[in-house]
$ cat work-v8.txt   # compact mmCIF, C-alpha atoms
# COMPACT_ATOMS: atom_id res chain seq x y z
CA MET A 1 -27.02 20.17 9.81
CA SER A 2 -25.69 21.41 6.53
CA ALA A 3 -23.23 19.08 4.81
CA ARG A 4 -21.93 19.61 1.28
CA LEU A 5 -19.83 16.56 0.46
CA VAL A 6 -18.21 14.84 -2.50
CA LEU A 7 -17.60 11.08 -2.31
CA LEU A 8 -14.65 9.93 -4.43
CA GLY A 9 -13.23 6.53 -5.26
CA PRO A 10 -12.85 4.15 -8.18
CA PRO A 11 -15.81 2.32 -9.72
CA GLY A 12 -16.76 -0.53 -7.40
CA ALA A 13 -15.38 1.11 -4.25
CA GLY A 14 -18.84 1.08 -2.66
CA LYS A 15 -19.62 4.77 -3.20
CA GLY A 16 -23.29 4.21 -3.97
CA THR A 17 -23.90 2.11 -0.88
CA GLN A 18 -22.00 4.47 1.39
CA ALA A 19 -23.54 7.59 -0.18
CA ALA A 20 -27.05 6.33 0.59
CA ARG A 21 -26.11 5.46 4.17
CA LEU A 22 -24.32 8.76 4.84
CA ALA A 23 -27.05 10.85 3.22
CA GLU A 24 -29.68 9.20 5.42
CA ARG A 25 -27.64 9.78 8.57
CA LEU A 26 -26.86 13.40 7.63
CA GLY A 27 -30.35 14.22 6.34
CA VAL A 28 -29.15 15.33 2.88
CA PRO A 29 -29.84 13.90 -0.57
CA ALA A 30 -27.37 11.47 -2.14
CA ILE A 31 -26.94 12.61 -5.72
CA SER A 32 -25.50 9.94 -8.04
CA THR A 33 -24.92 10.95 -11.63
CA GLY A 34 -24.54 7.26 -12.52
CA ASP A 35 -27.97 6.41 -11.12
CA ILE A 36 -29.54 9.35 -12.93
CA PHE A 37 -27.93 8.31 -16.22
CA ARG A 38 -28.96 4.64 -15.79
CA SER A 39 -32.52 5.70 -14.99
CA ASN A 40 -32.66 7.78 -18.17
CA ILE A 41 -31.30 4.85 -20.22
CA THR A 42 -33.87 2.46 -18.71
CA ASN A 43 -36.70 4.92 -19.37
CA GLY A 44 -35.54 5.56 -22.95
CA THR A 45 -35.29 9.33 -22.53
CA GLU A 46 -33.38 11.56 -24.94
CA LEU A 47 -30.56 11.89 -22.42
CA GLY A 48 -30.60 8.12 -21.92
CA ARG A 49 -30.20 7.48 -25.63
CA ARG A 50 -27.34 10.00 -25.79
CA VAL A 51 -25.37 8.36 -22.98
CA GLN A 52 -26.15 4.67 -23.57
CA ASP A 53 -23.44 4.09 -26.17
CA ILE A 54 -20.94 6.10 -24.14
CA THR A 55 -21.46 4.17 -20.89
CA ALA A 56 -21.68 0.77 -22.62
CA SER A 57 -18.11 1.30 -23.89
CA GLY A 58 -16.87 2.26 -20.42
CA ALA A 59 -16.23 5.91 -21.35
CA LEU A 60 -17.45 8.85 -19.30
CA VAL A 61 -20.39 11.05 -20.25
CA PRO A 62 -19.19 14.41 -21.65
CA ASP A 63 -18.67 17.16 -19.08
CA GLU A 64 -21.22 19.56 -20.52
CA LEU A 65 -24.05 17.03 -20.12
CA THR A 66 -22.96 16.04 -16.64
CA ASN A 67 -22.40 19.63 -15.44
CA GLU A 68 -25.87 20.65 -16.59
CA LEU A 69 -27.42 17.69 -14.82
CA VAL A 70 -25.60 18.51 -11.56
CA ARG A 71 -26.39 22.24 -11.81
CA ASP A 72 -30.08 21.43 -12.18
CA ARG A 73 -30.06 18.86 -9.35
CA LEU A 74 -28.22 21.10 -6.86
CA GLY A 75 -30.76 23.84 -7.60
CA GLN A 76 -33.63 21.68 -6.29
CA ALA A 77 -35.09 22.50 -2.88
CA ASP A 78 -33.92 19.35 -1.07
CA ALA A 79 -30.26 20.16 -1.87
CA THR A 80 -30.21 23.74 -0.58
CA GLU A 81 -29.09 22.76 2.93
CA GLY A 82 -26.66 20.07 1.83
CA PHE A 83 -25.93 17.15 -0.46
CA LEU A 84 -23.62 14.23 -1.03
CA LEU A 85 -22.34 13.94 -4.60
CA ASP A 86 -21.47 10.40 -5.75
CA GLY A 87 -19.75 10.11 -9.12
CA TYR A 88 -19.19 13.84 -9.62
CA PRO A 89 -16.84 15.55 -10.16
CA ARG A 90 -15.00 13.00 -12.31
CA ASN A 91 -12.19 15.25 -13.56
CA VAL A 92 -10.48 18.54 -12.72
CA ALA A 93 -12.62 20.49 -15.21
CA GLN A 94 -15.74 19.27 -13.38
CA VAL A 95 -14.18 20.42 -10.07
CA ALA A 96 -14.04 23.92 -11.56
CA ALA A 97 -17.64 23.61 -12.80
CA LEU A 98 -18.80 22.50 -9.33
CA ASP A 99 -16.92 25.44 -7.78
CA GLU A 100 -18.83 27.78 -10.13
CA ILE A 101 -22.19 26.11 -9.41
CA LEU A 102 -21.66 26.41 -5.65
CA ALA A 103 -20.26 29.96 -5.82
CA ALA A 104 -23.31 31.09 -7.81
CA ALA A 105 -25.48 29.78 -4.95
CA GLY A 106 -23.26 31.34 -2.27
CA ARG A 107 -22.12 27.92 -1.03
CA GLU A 108 -18.89 25.97 -0.88
CA LEU A 109 -17.87 22.35 -0.45
CA ASP A 110 -17.30 21.13 3.12
CA LEU A 111 -15.31 17.97 2.47
CA ALA A 112 -14.20 15.45 -0.16
CA LEU A 113 -14.23 11.88 1.15
CA GLU A 114 -12.22 9.35 -0.84
CA LEU A 115 -12.80 5.61 -0.47
CA THR A 116 -9.53 3.76 -1.09
CA VAL A 117 -9.60 0.16 -2.32
CA ASP A 118 -7.33 -2.41 -3.97
CA PRO A 119 -7.93 -2.46 -7.78
CA GLN A 120 -8.16 -6.29 -7.93
CA VAL A 121 -10.87 -6.23 -5.24
CA VAL A 122 -12.76 -3.68 -7.38
CA VAL A 123 -12.59 -5.94 -10.46
CA GLU A 124 -13.93 -8.87 -8.42
CA ARG A 125 -16.72 -6.76 -6.85
CA LEU A 126 -17.89 -5.34 -10.17
CA ALA A 127 -17.76 -8.69 -11.95
CA LYS A 128 -19.91 -10.19 -9.17
CA ARG A 129 -22.33 -7.24 -9.31
CA ALA A 130 -22.59 -7.58 -13.10
CA GLU A 131 -23.48 -11.25 -12.71
CA ILE A 132 -26.10 -10.56 -10.03
CA GLU A 133 -27.66 -7.48 -11.66
CA GLY A 134 -27.13 -8.42 -15.31
CA ARG A 135 -25.27 -5.16 -15.98
CA ALA A 136 -23.85 -5.17 -19.51
CA ASP A 137 -21.51 -2.28 -18.64
CA ASP A 138 -19.50 -4.39 -16.20
CA THR A 139 -17.54 -6.91 -18.30
CA GLU A 140 -13.97 -7.47 -17.05
CA ASP A 141 -12.46 -5.54 -20.00
CA VAL A 142 -14.83 -2.63 -19.44
CA ILE A 143 -14.14 -2.68 -15.68
CA ARG A 144 -10.38 -2.50 -16.26
CA HIS A 145 -10.90 0.31 -18.79
CA ARG A 146 -13.03 2.21 -16.26
CA LEU A 147 -10.28 1.83 -13.65
CA ASP A 148 -7.71 3.16 -16.15
CA VAL A 149 -9.98 6.11 -16.97
CA TYR A 150 -10.45 6.73 -13.25
CA ALA A 151 -6.70 6.71 -12.61
CA GLU A 152 -6.05 9.06 -15.51
CA GLN A 153 -8.91 11.55 -15.16
CA THR A 154 -10.52 11.26 -11.74
CA ALA A 155 -7.66 10.52 -9.34
CA PRO A 156 -6.13 14.02 -9.88
CA ILE A 157 -9.26 15.44 -8.20
CA SER A 158 -7.90 14.04 -4.95
CA GLN A 159 -4.81 16.22 -5.37
CA VAL A 160 -6.94 19.33 -5.95
CA TYR A 161 -9.02 18.74 -2.82
CA ALA A 162 -5.94 17.74 -0.80
CA ALA A 163 -4.28 21.04 -1.75
CA ARG A 164 -7.37 22.85 -0.44
CA GLY A 165 -7.28 20.88 2.81
CA LEU A 166 -10.64 19.26 2.03
CA LEU A 167 -9.62 15.67 1.25
CA VAL A 168 -9.99 12.82 3.74
CA GLN A 169 -9.12 9.28 2.63
CA VAL A 170 -11.04 6.39 4.19
CA ASP A 171 -10.35 2.68 3.79
CA GLY A 172 -13.19 1.33 1.63
CA LEU A 173 -12.46 -2.36 2.24
CA GLY A 174 -14.27 -4.48 4.81
CA GLU A 175 -17.82 -4.92 5.97
CA VAL A 176 -20.29 -2.26 4.83
CA ASP A 177 -21.08 -1.25 8.43
CA ASP A 178 -17.38 -0.87 9.23
CA VAL A 179 -16.79 1.41 6.23
CA THR A 180 -19.84 3.49 7.20
CA ALA A 181 -18.52 3.79 10.76
CA ARG A 182 -15.12 4.97 9.45
CA LEU A 183 -16.80 7.61 7.26
CA LEU A 184 -19.01 8.85 10.10
CA ALA A 185 -16.00 9.02 12.42
CA VAL A 186 -14.25 11.30 9.92
CA LEU A 187 -17.34 13.54 9.77
CA SER A 188 -17.89 13.67 13.54
CA PRO A 189 -15.33 16.42 14.32
CA SER A 190 -17.05 18.72 11.79
CA ARG A 191 -20.54 17.92 13.13
CA SER A 192 -21.14 20.61 15.70
$ encode --input "work-v8.txt" --output "structure tokens"
Amino acid sequence: MSARLVLLGPPGAGKGTQAARLAERLGVPAISTGDIFRSNITNGTELGRRVQDITASGALVPDELTNELVRDRLGQADATEGFLLDGYPRNVAQVAALDEILAAAGRELDLALELTVDPQVVVERLAKRAEIEGRADDTEDVIRHRLDVYAEQTAPISQVYAARGLLVQVDGLGEVDDVTARLLAVLSPSRS
């Protein structure tokens, strides 16, 4: 089955966990720009050095770098029949870039799934994750800044996809299995 999906939601909403689970069930790759950036930072690549200072301050990586990364990744063989994007697009300009990338390949997006969560729960989740994983980019101040950046730049993406009839909001709170079940239930009508 072909599925071209975008997974939206604030930092800490559980996008990474749910993206991996959905991608496995749908048989498409989960593509996380955050994971790709963190991998480059860990491996000390040129890209990693360029984005390390940006992500450490809680800011977003510039569009041109991110768009190029996504263009390259969606051009790989495993993404031709479908994909699940986690962490992209992050703003309305990136929505337009994704539209261009897909149009050039003769494809279009099937659905934008948005995980909705309470901001205080997100702060608590990310602070706990930072403690467990030792992530320097998840201090409380940085988390709150990331949520502000999300609200300002990323949340308007929901409006764009809603206007196109592609947005479905799903409650992101609760047990991981329950959230996965809610997401799969939303996808079931389109799975023919």
$ residues_around --input "work-v8.txt" --residues "region 101-113 of chain A" --least-positions-apart "6" --cutoff "8 Å" --atoms "all atoms listed in the file" --output "tab-separated table (two decimals) with C-alpha atoms, keeping the file's coordinate frame"
chain	number	residue	atom	x	y	z
A	3	ALA	CA	-23.23	19.08	4.81
A	4	ARG	CA	-21.93	19.61	1.28
A	5	LEU	CA	-19.83	16.56	0.46
A	6	VAL	CA	-18.21	14.84	-2.50
A	7	LEU	CA	-17.60	11.08	-2.31
A	8	LEU	CA	-14.65	9.93	-4.43
A	71	ARG	CA	-26.39	22.24	-11.81
A	161	TYR	CA	-9.02	18.74	-2.82
A	166	LEU	CA	-10.64	19.26	2.03
A	167	LEU	CA	-9.62	15.67	1.25
A	168	VAL	CA	-9.99	12.82	3.74
A	169	GLN	CA	-9.12	9.28	2.63
A	170	VAL	CA	-11.04	6.39	4.19
A	183	LEU	CA	-16.80	7.61	7.26
$ atom_distance --input "work-v8.txt" --atom1 "CA of Pro89 (chain A)" --atom2 "CA of Arg135 (chain A)"
23.1 Å
$ closest_residue --input "work-v8.txt" --among "A:Asp178, A:Asp63, A:Thr80, A:Leu126" --to "Leu98 (chain A)" --atoms "all atoms listed in the file"
A:Asp63
$ residues_around --input "work-v8.txt" --residues "Val117 (chain A)" --least-positions-apart "2" --cutoff "7 Å" --atoms "only C-alpha atoms" --output "ChimeraX atom specification"
/A:13,115,119,171-173
$ closest_residue --input "work-v8.txt" --among "A:Asn91, A:Gln153, A:Thr139, A:Gln159" --to "Ala56 (chain A)" --atoms "all atoms listed in the file"
A:Thr139
$ closest_residue --input "work-v8.txt" --among "A:Leu22, A:Val28, A:Ala162, A:Ala151" --to "Ala181 (chain A)" --atoms "all atoms listed in the file"
A:Leu22
$ atom_distance --input "work-v8.txt" --atom1 "CA of Val70 (chain A)" --atom2 "CA of Thr45 (chain A)"
17.3 Å
$ atom_distance --input "work-v8.txt" --atom1 "CA of Gly75 (chain A)" --atom2 "CA of Arg49 (chain A)"
24.4 Å
$ residues_around --input "work-v8.txt" --residues "Glu124 (chain A)" --least-positions-apart "3" --cutoff "12 Å" --atoms "all atoms listed in the file" --output "list in words"
Pro11, Gly12, Ala13, Val117, Asp118, Pro119, Gln120, Val121, Ala127, Lys128, Arg129, Ala130, Glu131, Asp138, Thr139, Glu140, Ile143 and Arg144 of chain A
